[in-house]
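start.cif (mmCIF, C-alpha atoms and all ligand atoms)
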data_protein
loop_
_atom_site.label_atom_id
_atom_site.label_comp_id
_atom_site.auth_asym_id
_atom_site.auth_seq_id
_atom_site.Cartn_x
_atom_site.Cartn_y
_atom_site.Cartn_z
CA MET L 1 0.58 164.54 194.42
CA ASN L 2 -1.40 162.71 191.72
CA ARG L 3 -1.92 164.67 188.56
CA LEU L 4 -4.77 163.94 186.13
CA MET L 5 -4.92 165.62 182.73
CA VAL L 6 -8.25 166.42 181.07
CA LEU L 7 -8.70 167.27 177.40
CA THR L 8 -11.43 167.59 174.79
CA GLY L 9 -10.96 166.19 171.28
CA GLY L 10 -12.91 166.08 168.00
CA GLY L 11 -15.86 168.33 167.17
CA ASP L 12 -17.28 170.30 170.07
CA CYS L 13 -20.66 169.59 171.58
CA PRO L 14 -22.87 171.18 174.26
CA GLY L 15 -21.94 169.76 177.68
CA LEU L 16 -18.14 169.49 177.36
CA ASN L 17 -17.60 172.19 179.97
CA ALA L 18 -20.06 170.50 182.32
CA VAL L 19 -17.90 167.34 182.16
CA ILE L 20 -14.68 169.30 182.81
CA ARG L 21 -16.29 171.03 185.81
CA ALA L 22 -17.61 167.74 187.21
CA ILE L 23 -14.15 166.14 187.03
CA VAL L 24 -12.56 169.11 188.79
CA LYS L 25 -15.25 169.25 191.49
CA ARG L 26 -15.05 165.52 192.18
CA ALA L 27 -11.24 165.52 192.31
CA SER L 28 -11.22 168.50 194.67
CA GLN L 29 -12.90 166.29 197.30
CA GLU L 30 -9.78 164.11 197.39
CA LYS L 31 -6.44 164.85 199.01
CA ASP L 32 -3.43 164.93 196.72
CA TRP L 33 -5.22 165.04 193.35
CA GLU L 34 -4.56 167.87 190.96
CA ILE L 35 -6.36 168.38 187.65
CA VAL L 36 -4.65 169.98 184.68
CA GLY L 37 -6.27 170.80 181.35
CA CYS L 38 -4.52 170.30 178.01
CA ILE L 39 -5.30 172.91 175.36
CA GLU L 40 -6.60 171.76 171.96
CA SER L 41 -6.86 168.05 172.56
CA PHE L 42 -3.44 166.32 172.95
CA ASN L 43 -1.72 169.02 170.89
CA GLY L 44 -1.11 171.16 174.00
CA VAL L 45 1.37 168.59 175.35
CA LEU L 46 3.27 168.55 172.07
CA LYS L 47 3.64 172.33 171.75
CA ASP L 48 6.76 174.19 172.87
CA PRO L 49 6.14 175.58 175.41
CA ALA L 50 3.44 173.07 176.38
CA GLU L 51 -0.06 174.49 176.73
CA ILE L 52 -1.27 173.01 180.00
CA VAL L 53 -3.35 174.84 182.61
CA ILE L 54 -4.11 173.98 186.22
CA LEU L 55 -7.85 173.55 186.73
CA ASP L 56 -9.32 174.21 190.14
CA GLU L 57 -12.77 175.15 191.36
CA SER L 58 -12.18 178.83 190.73
CA ASN L 59 -11.53 178.44 187.02
CA VAL L 60 -14.43 176.07 186.38
CA ALA L 61 -16.93 178.32 188.20
CA GLY L 62 -19.80 179.28 185.90
CA ILE L 63 -18.91 176.96 183.01
CA LEU L 64 -21.71 174.43 183.63
CA VAL L 65 -24.07 176.26 181.29
CA LYS L 66 -21.53 177.30 178.67
CA GLY L 67 -21.39 175.69 175.23
CA GLY L 68 -18.08 174.85 173.54
CA THR L 69 -15.05 173.90 175.61
CA ILE L 70 -12.80 176.11 177.73
CA LEU L 71 -9.88 173.85 176.70
CA GLY L 72 -10.40 174.23 172.97
CA THR L 73 -10.64 171.21 170.69
CA THR L 74 -9.60 169.97 167.28
CA ASN L 75 -10.11 167.06 164.97
CA LYS L 76 -6.77 167.67 163.28
CA GLY L 77 -3.37 166.41 164.31
CA GLY L 78 -3.01 164.43 167.50
CA PRO L 79 -0.07 162.37 168.75
CA PHE L 80 -0.17 159.81 165.91
CA ALA L 81 -0.55 162.26 163.00
CA TYR L 82 0.92 165.55 164.15
CA PRO L 83 1.11 168.01 161.22
CA VAL L 84 4.63 169.17 160.35
CA ARG L 85 5.50 171.67 157.63
CA ASN L 86 8.14 170.59 155.09
CA ASN L 87 10.81 173.00 153.85
CA ASP L 88 8.91 173.44 150.56
CA GLY L 89 5.81 174.63 152.47
CA SER L 90 3.81 171.41 152.04
CA TRP L 91 2.56 169.45 155.05
CA THR L 92 3.22 165.98 156.32
CA THR L 93 2.31 164.15 159.52
CA MET L 94 4.53 162.61 162.17
CA ASP L 95 3.93 160.00 164.87
CA ARG L 96 4.84 161.78 168.12
CA SER L 97 3.01 159.40 170.45
CA ASP L 98 6.12 158.01 172.21
CA GLU L 99 7.50 161.51 172.68
CA MET L 100 4.14 162.62 174.08
CA ILE L 101 4.03 159.80 176.61
CA ARG L 102 7.56 160.75 177.73
CA ARG L 103 6.50 164.39 178.06
CA LEU L 104 3.52 163.36 180.21
CA GLN L 105 5.80 161.31 182.48
CA TYR L 106 8.15 164.28 182.78
CA MET L 107 5.19 166.50 183.74
CA GLY L 108 4.25 164.02 186.49
CA ILE L 109 0.90 163.18 184.90
CA ASN L 110 -0.46 159.86 186.17
CA GLY L 111 -3.45 159.58 183.87
CA VAL L 112 -5.58 161.24 181.22
CA ILE L 113 -9.33 161.72 180.81
CA ASN L 114 -10.04 162.16 177.10
CA ILE L 115 -13.49 163.59 176.31
CA GLY L 116 -14.27 162.81 172.67
CA GLY L 117 -16.05 160.78 170.02
CA ASP L 118 -15.00 157.70 168.07
CA GLY L 119 -11.81 159.31 166.68
CA SER L 120 -10.68 160.25 170.21
CA LEU L 121 -11.54 156.77 171.41
CA ARG L 122 -9.28 155.22 168.76
CA ILE L 123 -6.42 157.54 169.84
CA SER L 124 -6.99 156.63 173.51
CA LYS L 125 -6.98 152.91 172.71
CA ALA L 126 -3.71 153.22 170.78
CA LEU L 127 -2.13 155.22 173.64
CA ALA L 128 -3.42 152.72 176.22
CA ASP L 129 -1.80 149.94 174.15
CA LYS L 130 1.47 151.84 174.60
CA GLY L 131 0.98 151.87 178.36
CA LEU L 132 -0.64 155.28 178.96
CA ASN L 133 -3.32 155.45 181.67
CA VAL L 134 -6.42 156.76 179.87
CA ILE L 135 -10.16 156.97 180.49
CA ASN L 136 -12.62 158.20 177.88
CA VAL L 137 -15.83 160.15 178.16
CA PRO L 138 -18.07 159.73 175.09
CA LYS L 139 -19.19 162.85 173.27
CA THR L 140 -21.01 163.43 170.01
CA ILE L 141 -24.21 165.13 168.98
CA ASP L 142 -24.74 162.28 166.50
CA ASN L 143 -25.33 159.74 169.33
CA ASP L 144 -23.67 157.06 167.21
CA LEU L 145 -21.57 155.28 169.87
CA SER L 146 -22.97 151.82 170.53
CA SER L 147 -21.99 151.13 174.11
CA THR L 148 -23.83 154.10 175.60
CA ASP L 149 -27.58 154.70 175.35
CA TYR L 150 -26.94 158.44 174.96
CA THR L 151 -24.06 160.84 174.55
CA PHE L 152 -24.42 164.33 176.01
CA GLY L 153 -25.05 167.05 173.44
CA PHE L 154 -27.41 164.85 171.44
CA GLN L 155 -30.61 165.97 173.17
CA THR L 156 -29.57 169.60 172.82
CA ALA L 157 -29.05 169.10 169.09
CA VAL L 158 -32.45 167.39 168.82
CA GLN L 159 -34.03 170.32 170.67
CA ILE L 160 -32.43 172.84 168.29
CA ALA L 161 -33.46 170.80 165.23
CA THR L 162 -37.02 170.43 166.57
CA GLU L 163 -37.34 174.17 167.24
CA SER L 164 -36.20 174.69 163.65
CA VAL L 165 -38.89 172.35 162.34
CA ASP L 166 -41.44 174.27 164.43
CA LYS L 167 -40.32 177.52 162.84
CA LEU L 168 -40.32 176.13 159.33
CA VAL L 169 -43.87 174.79 159.79
CA THR L 170 -45.29 178.29 160.23
CA THR L 171 -43.57 179.77 157.20
CA ALA L 172 -44.19 176.65 155.06
CA ALA L 173 -47.90 176.72 155.93
CA SER L 174 -48.17 180.44 155.15
CA HIS L 175 -46.62 180.00 151.68
CA ASN L 176 -47.80 176.47 150.80
CA ARG L 177 -44.19 175.43 150.47
CA VAL L 178 -42.15 172.29 150.83
CA PHE L 179 -39.27 172.78 153.26
CA ILE L 180 -36.25 170.53 153.43
CA LEU L 181 -34.33 170.84 156.71
CA GLU L 182 -30.85 169.33 156.60
CA VAL L 183 -29.59 168.35 160.04
CA MET L 184 -26.33 166.75 161.23
CA GLY L 185 -25.79 163.01 161.41
CA ARG L 186 -22.72 161.70 159.60
CA ASP L 187 -23.57 157.98 159.66
CA ALA L 188 -26.59 157.86 161.94
CA GLY L 189 -30.00 159.45 161.47
CA TRP L 190 -30.82 159.92 165.18
CA ILE L 191 -31.10 163.73 165.12
CA ALA L 192 -33.22 163.63 161.96
CA LEU L 193 -35.50 160.87 163.26
CA ASN L 194 -36.07 162.41 166.70
CA SER L 195 -36.63 165.94 165.41
CA ALA L 196 -38.94 164.67 162.65
CA ILE L 197 -41.12 162.93 165.25
CA ALA L 198 -40.96 165.79 167.78
CA GLY L 199 -41.63 168.46 165.15
CA GLY L 200 -44.35 166.54 163.29
CA ALA L 201 -42.49 166.37 159.96
CA ASP L 202 -43.92 164.47 156.98
CA VAL L 203 -40.76 162.90 155.56
CA CYS L 204 -37.55 161.79 157.23
CA ILE L 205 -34.52 160.78 155.18
CA ILE L 206 -31.65 159.08 157.01
CA PRO L 207 -28.40 157.31 156.00
CA GLU L 208 -29.70 153.93 157.16
CA ILE L 209 -32.79 153.82 154.87
CA SER L 210 -32.45 154.45 151.13
CA TYR L 211 -35.27 156.33 149.48
CA ASP L 212 -37.19 156.30 146.23
CA ILE L 213 -37.84 159.85 144.97
CA GLU L 214 -41.29 158.86 143.61
CA LYS L 215 -42.38 157.81 147.12
CA ILE L 216 -41.27 161.16 148.54
CA LYS L 217 -43.10 162.96 145.74
CA GLU L 218 -46.26 160.96 146.49
CA LYS L 219 -46.05 161.88 150.17
CA ILE L 220 -45.54 165.57 149.37
CA ASN L 221 -48.51 165.61 146.99
CA SER L 222 -50.69 163.90 149.59
CA ARG L 223 -50.11 166.91 151.86
CA TYR L 224 -51.71 169.33 149.34
CA LYS L 225 -55.34 169.88 148.31
CA LYS L 226 -56.08 172.19 145.35
CA GLY L 227 -52.58 173.70 145.64
CA ARG L 228 -52.92 174.46 149.34
CA GLY L 229 -50.89 172.70 151.99
CA PHE L 230 -47.27 172.32 152.99
CA CYS L 231 -44.72 169.63 153.66
CA ILE L 232 -41.72 169.32 155.97
CA ILE L 233 -38.84 167.01 155.12
CA VAL L 234 -36.01 166.41 157.60
CA ILE L 235 -32.88 164.94 156.05
CA ALA L 236 -29.64 163.86 157.76
CA GLU L 237 -26.46 165.28 156.19
CA GLY L 238 -25.09 161.75 155.81
CA ALA L 239 -28.06 160.45 153.77
CA LEU L 240 -27.01 159.02 150.44
CA SER L 241 -27.96 161.06 147.44
CA HIS L 242 -29.66 159.53 144.34
CA ASP L 243 -26.24 158.45 142.99
CA GLY L 244 -25.56 156.48 146.18
CA LYS L 245 -22.94 158.95 147.39
CA LYS L 246 -22.67 161.30 150.37
CA VAL L 247 -22.79 164.99 149.48
CA GLY L 248 -20.05 167.34 150.63
CA ALA L 249 -16.54 168.53 149.89
CA LYS L 250 -12.97 167.77 150.84
CA SER L 251 -11.78 170.25 153.45
CA SER L 252 -8.76 172.41 152.69
CA GLU L 253 -7.80 172.52 156.40
CA VAL L 254 -4.39 170.95 157.03
CA GLY L 255 -4.71 167.60 158.79
CA TYR L 256 -8.53 167.47 158.55
CA GLU L 257 -9.29 163.95 157.37
CA ASN L 258 -13.12 163.95 157.48
CA PHE L 259 -15.16 164.42 154.33
CA MET L 260 -16.99 167.70 155.03
CA LEU L 261 -20.66 166.81 154.68
CA GLY L 262 -23.31 169.30 153.60
CA GLY L 263 -25.69 169.86 150.71
CA VAL L 264 -27.71 166.66 150.46
CA GLY L 265 -30.81 168.80 151.11
CA TRP L 266 -30.04 170.82 147.96
CA ALA L 267 -29.40 167.62 146.01
CA LEU L 268 -32.81 166.34 147.14
CA LYS L 269 -34.47 169.56 145.99
CA GLN L 270 -32.90 169.17 142.51
CA GLU L 271 -34.04 165.58 142.39
CA LEU L 272 -37.60 166.57 143.30
CA ILE L 273 -37.60 169.22 140.58
CA ALA L 274 -36.28 166.69 138.05
CA ALA L 275 -39.04 164.31 139.19
CA GLY L 276 -41.60 167.02 138.32
CA ILE L 277 -42.62 168.35 141.73
CA GLU L 278 -44.87 171.35 141.22
CA HIS L 279 -44.67 172.97 144.64
CA ASP L 280 -42.12 175.55 145.70
CA VAL L 281 -39.28 173.74 147.50
CA ARG L 282 -36.93 175.57 149.90
CA VAL L 283 -33.90 174.27 151.73
CA THR L 284 -32.52 175.15 155.19
CA LEU L 285 -29.15 173.80 156.25
CA LEU L 286 -28.90 173.90 160.04
CA GLY L 287 -25.20 172.99 160.30
CA HIS L 288 -23.18 173.96 163.35
CA LEU L 289 -26.08 175.79 165.02
CA GLN L 290 -26.82 172.30 166.36
CA ARG L 291 -23.47 172.15 168.14
CA GLY L 292 -23.33 175.63 169.62
CA GLY L 293 -24.78 177.25 172.70
CA THR L 294 -26.03 176.15 176.08
CA PRO L 295 -26.68 172.45 176.79
CA ILE L 296 -30.25 171.64 177.79
CA ALA L 297 -30.81 170.29 181.32
CA TYR L 298 -30.78 166.62 180.23
CA ASP L 299 -27.33 166.98 178.68
CA ARG L 300 -25.99 168.90 181.69
CA VAL L 301 -27.09 166.09 184.00
CA LEU L 302 -25.60 163.38 181.76
CA ALA L 303 -22.36 165.37 181.39
CA CYS L 304 -22.12 165.73 185.20
CA GLU L 305 -22.73 162.01 185.65
CA PHE L 306 -20.04 161.15 183.09
CA GLY L 307 -17.54 163.60 184.62
CA VAL L 308 -17.95 162.31 188.18
CA ALA L 309 -17.88 158.66 187.01
CA ALA L 310 -14.73 159.21 184.88
CA CYS L 311 -12.97 160.89 187.79
CA GLU L 312 -13.91 158.04 190.11
CA LEU L 313 -12.55 155.48 187.62
CA ALA L 314 -9.27 157.42 187.58
CA LEU L 315 -9.16 157.54 191.39
CA LYS L 316 -9.56 153.74 191.40
CA GLY L 317 -6.98 153.29 188.63
CA ALA L 318 -9.55 151.60 186.35
CA TRP L 319 -7.79 152.74 183.16
CA GLY L 320 -8.63 151.64 179.61
CA ASN L 321 -12.37 152.21 180.04
CA MET L 322 -14.97 154.54 178.59
CA VAL L 323 -17.82 155.67 180.83
CA ALA L 324 -21.24 154.87 179.36
CA TYR L 325 -24.88 155.31 180.21
CA ARG L 326 -26.88 152.09 180.23
CA HIS L 327 -30.19 152.86 181.77
CA PRO L 328 -30.39 153.19 184.76
CA ASP L 329 -26.63 153.02 185.41
CA VAL L 330 -23.43 154.73 184.40
CA ILE L 331 -20.95 151.94 183.73
CA ALA L 332 -17.36 151.43 182.56
CA VAL L 333 -16.89 149.82 179.14
CA PRO L 334 -13.43 148.58 178.02
CA PHE L 335 -12.06 150.45 174.97
CA GLU L 336 -12.19 147.37 172.67
CA GLU L 337 -15.90 146.92 173.41
CA ALA L 338 -16.67 150.65 173.11
CA LEU L 339 -15.06 150.69 169.66
CA ARG L 340 -16.98 147.75 168.27
CA GLU L 341 -19.75 148.91 165.99
CA PRO L 342 -21.51 152.27 165.55
CA HIS L 343 -24.97 152.85 166.95
CA LEU L 344 -27.18 153.26 163.90
CA VAL L 345 -30.94 153.51 163.42
CA GLU L 346 -32.40 150.08 162.68
CA ARG L 347 -35.25 150.06 160.19
CA ASP L 348 -37.43 147.79 162.34
CA SER L 349 -36.70 149.65 165.59
CA ARG L 350 -39.38 151.01 167.90
CA LEU L 351 -38.67 154.63 166.97
CA VAL L 352 -38.89 153.95 163.22
CA ARG L 353 -42.17 152.08 163.80
CA THR L 354 -43.44 155.01 165.87
CA ALA L 355 -42.57 157.40 163.03
CA ARG L 356 -44.31 155.21 160.45
CA GLY L 357 -47.30 154.97 162.82
CA LEU L 358 -47.47 158.76 162.72
CA GLY L 359 -47.51 158.72 158.93
CA ILE L 360 -43.91 159.89 158.52
CA SER L 361 -42.47 158.58 155.25
CA PHE L 362 -38.85 157.40 154.95
CA GLY L 363 -39.23 157.42 151.19
CA ASP L 364 -38.95 153.60 151.08
O1 LIG G 1 -19.64 164.05 164.53
C1 LIG G 1 -20.41 165.14 164.86
C2 LIG G 1 -20.54 166.08 163.68
O2 LIG G 1 -21.29 167.14 164.18
C3 LIG G 1 -21.13 165.45 162.42
O3 LIG G 1 -22.50 165.35 162.46
C4 LIG G 1 -20.61 166.40 161.37
O4 LIG G 1 -20.56 165.78 160.12
C5 LIG G 1 -19.25 166.69 161.87
O5 LIG G 1 -19.30 166.60 163.26
C6 LIG G 1 -18.76 168.04 161.44
O6 LIG G 1 -17.49 168.23 161.95
P1 LIG G 1 -16.63 169.53 161.68
O7 LIG G 1 -17.20 170.63 162.48
O8 LIG G 1 -15.27 169.16 162.11
O9 LIG G 1 -16.69 169.79 160.22
#

Can I see the file as structure tokens?
Ligand code: F6P
Amino acid sequence: MNRLMVLTGGGDCPGLNAVIRAIVKRASQEKDWEIVGCIESFNGVLKDPAEIVILDESNVAGILVKGGTILGTTNKGGPFAYPVRNNDGSWTTMDRSDEMIRRLQYMGINGVINIGGDGSLRISKALADKGLNVINVPKTIDNDLSSTDYTFGFQTAVQIATESVDKLVTTAASHNRVFILEVMGRDAGWIALNSAIAGGADVCIIPEISYDIEKIKEKINSRYKKGRGFCIIVIAEGALSHDGKKVGAKSSEVGYENFMLGGVGWALKQELIAAGIEHDVRVTLLGHLQRGGTPIAYDRVLACEFGVAACELALKGAWGNMVAYRHPDVIAVPFEEALREPHLVERDSRLVRTARGLGISFGD
């Protein structure tokens, strides 16, 4: 019996369950392949007792449409930095990767499919370097992985952000207000750019293009006549504030290494006030609403394609690869290549030119 372990790591994203289901369904067509799920990324293997569940068609029934992940996920801990409490109550981390590989061998696990973003990919690469059989499935709503045209979850997030712009337009127009909508996008402005175009926003502020507050003010004022009008600004959480820094806070969660972004929309409002804007400015921070709920059809299809392709790579023993979508194919990309550079918005790209052609200002 071959045993394949599936896990989800990093922040969740609509479509994770669709990938898990696709892997289980594809494997069930083979003789002698069993799928097990590891709870909370790799941490389930390292717990005592281990938290591993058998996954068959009966327990993935109905999960195609469900957001989140039935396996749970985390962006804390992991085999290379497992949190351990000291006697004095403080925390430290421990490299348990060798122990984890031994545990997997003991459990008769031949290979792992790790569904995650860039952090998960780095963990997979380091485990593969130690001899573990791993395949990755890319996941992030930010769509910032370079070797795949799209990650599942991204289009759902764009849809949610666009519906939010649509809703803000009606209230902004009724009150002659300026609305700033802060959306996710740690390093890449894809969600902001796509939802700004799809929602017909006036200004789009992204990490890749630095802005001049006077230019934004000019654009806002151009949207008003005799005090009447409105303006919609979409800003990515990772956009740099006027002092050149990202806005957020350090998390108090043990083992959480990421800087917790949030609040650049409020910083922009303060900057506009300081620059003398005379209209009423309101801020909406969309946050994790973009990551929750049902995946839209596009993301379900992509997730199914990734799940089936990842399972087939495992069946062939093509370890050390990440599945990727390169129109019109789903291909396998070696870990080193997949890790190369992030997929960011380029200022002279087609989509940025389209936005400028529609009169959307980037504040530059
Ligand atoms: O990487 C995806 C993402 O949604 C980012 O846009 C955001 O900054 C981050 O995850 C938030 O992660 P968490 O929920 O762990 O704070």

Check: Hey, can you check how far CA of Glu30 in chain L sits from CA of Ile63 in chain L?
Finding: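 So the two atoms, CA of Glu30 in chain L and CA of Ile63 in chain L, lie 21.3 Å apart.
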
Check: Distance CA of Val183 in chain L-CA of Glu305 in chain L, one decimal place?
Finding: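 It comes out at 27.3 Å.
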
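Restricting the atom set to all atoms listed in the file, one finds that the residues within 8 Å of ligand LIG 1 (chain G) amount to Gly10, Gly11, Asp12, Cys13, Thr74, Asn75, Gly117, Thr140, Ile141, Asp142, Met184, Gly185, Arg186, Asp187, Glu237, Gly238, Tyr256, Asn258, Met260, Leu261, Gly262, His288, Gln290 and Arg291 of chain L.
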
Item checked: Nearest-residue call for Lys76 in chain L, choices L:Glu346, L:Ile54, L:Ser41, L:Pro49, using all atoms listed in the file -> L:Ser41

Item checked: Residue nearest Arg103 in chain L - candidates L:Cys231, L:Ala196, L:Val53, L:Leu46, atoms counted: only C-alpha atoms ->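 Under the stated criterion, the closest residue is L:Leu46.
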
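The two atoms in question, CA of Gly67 in chain L and CA of Gly293 in chain L, are spaced 4.5 Å apart.
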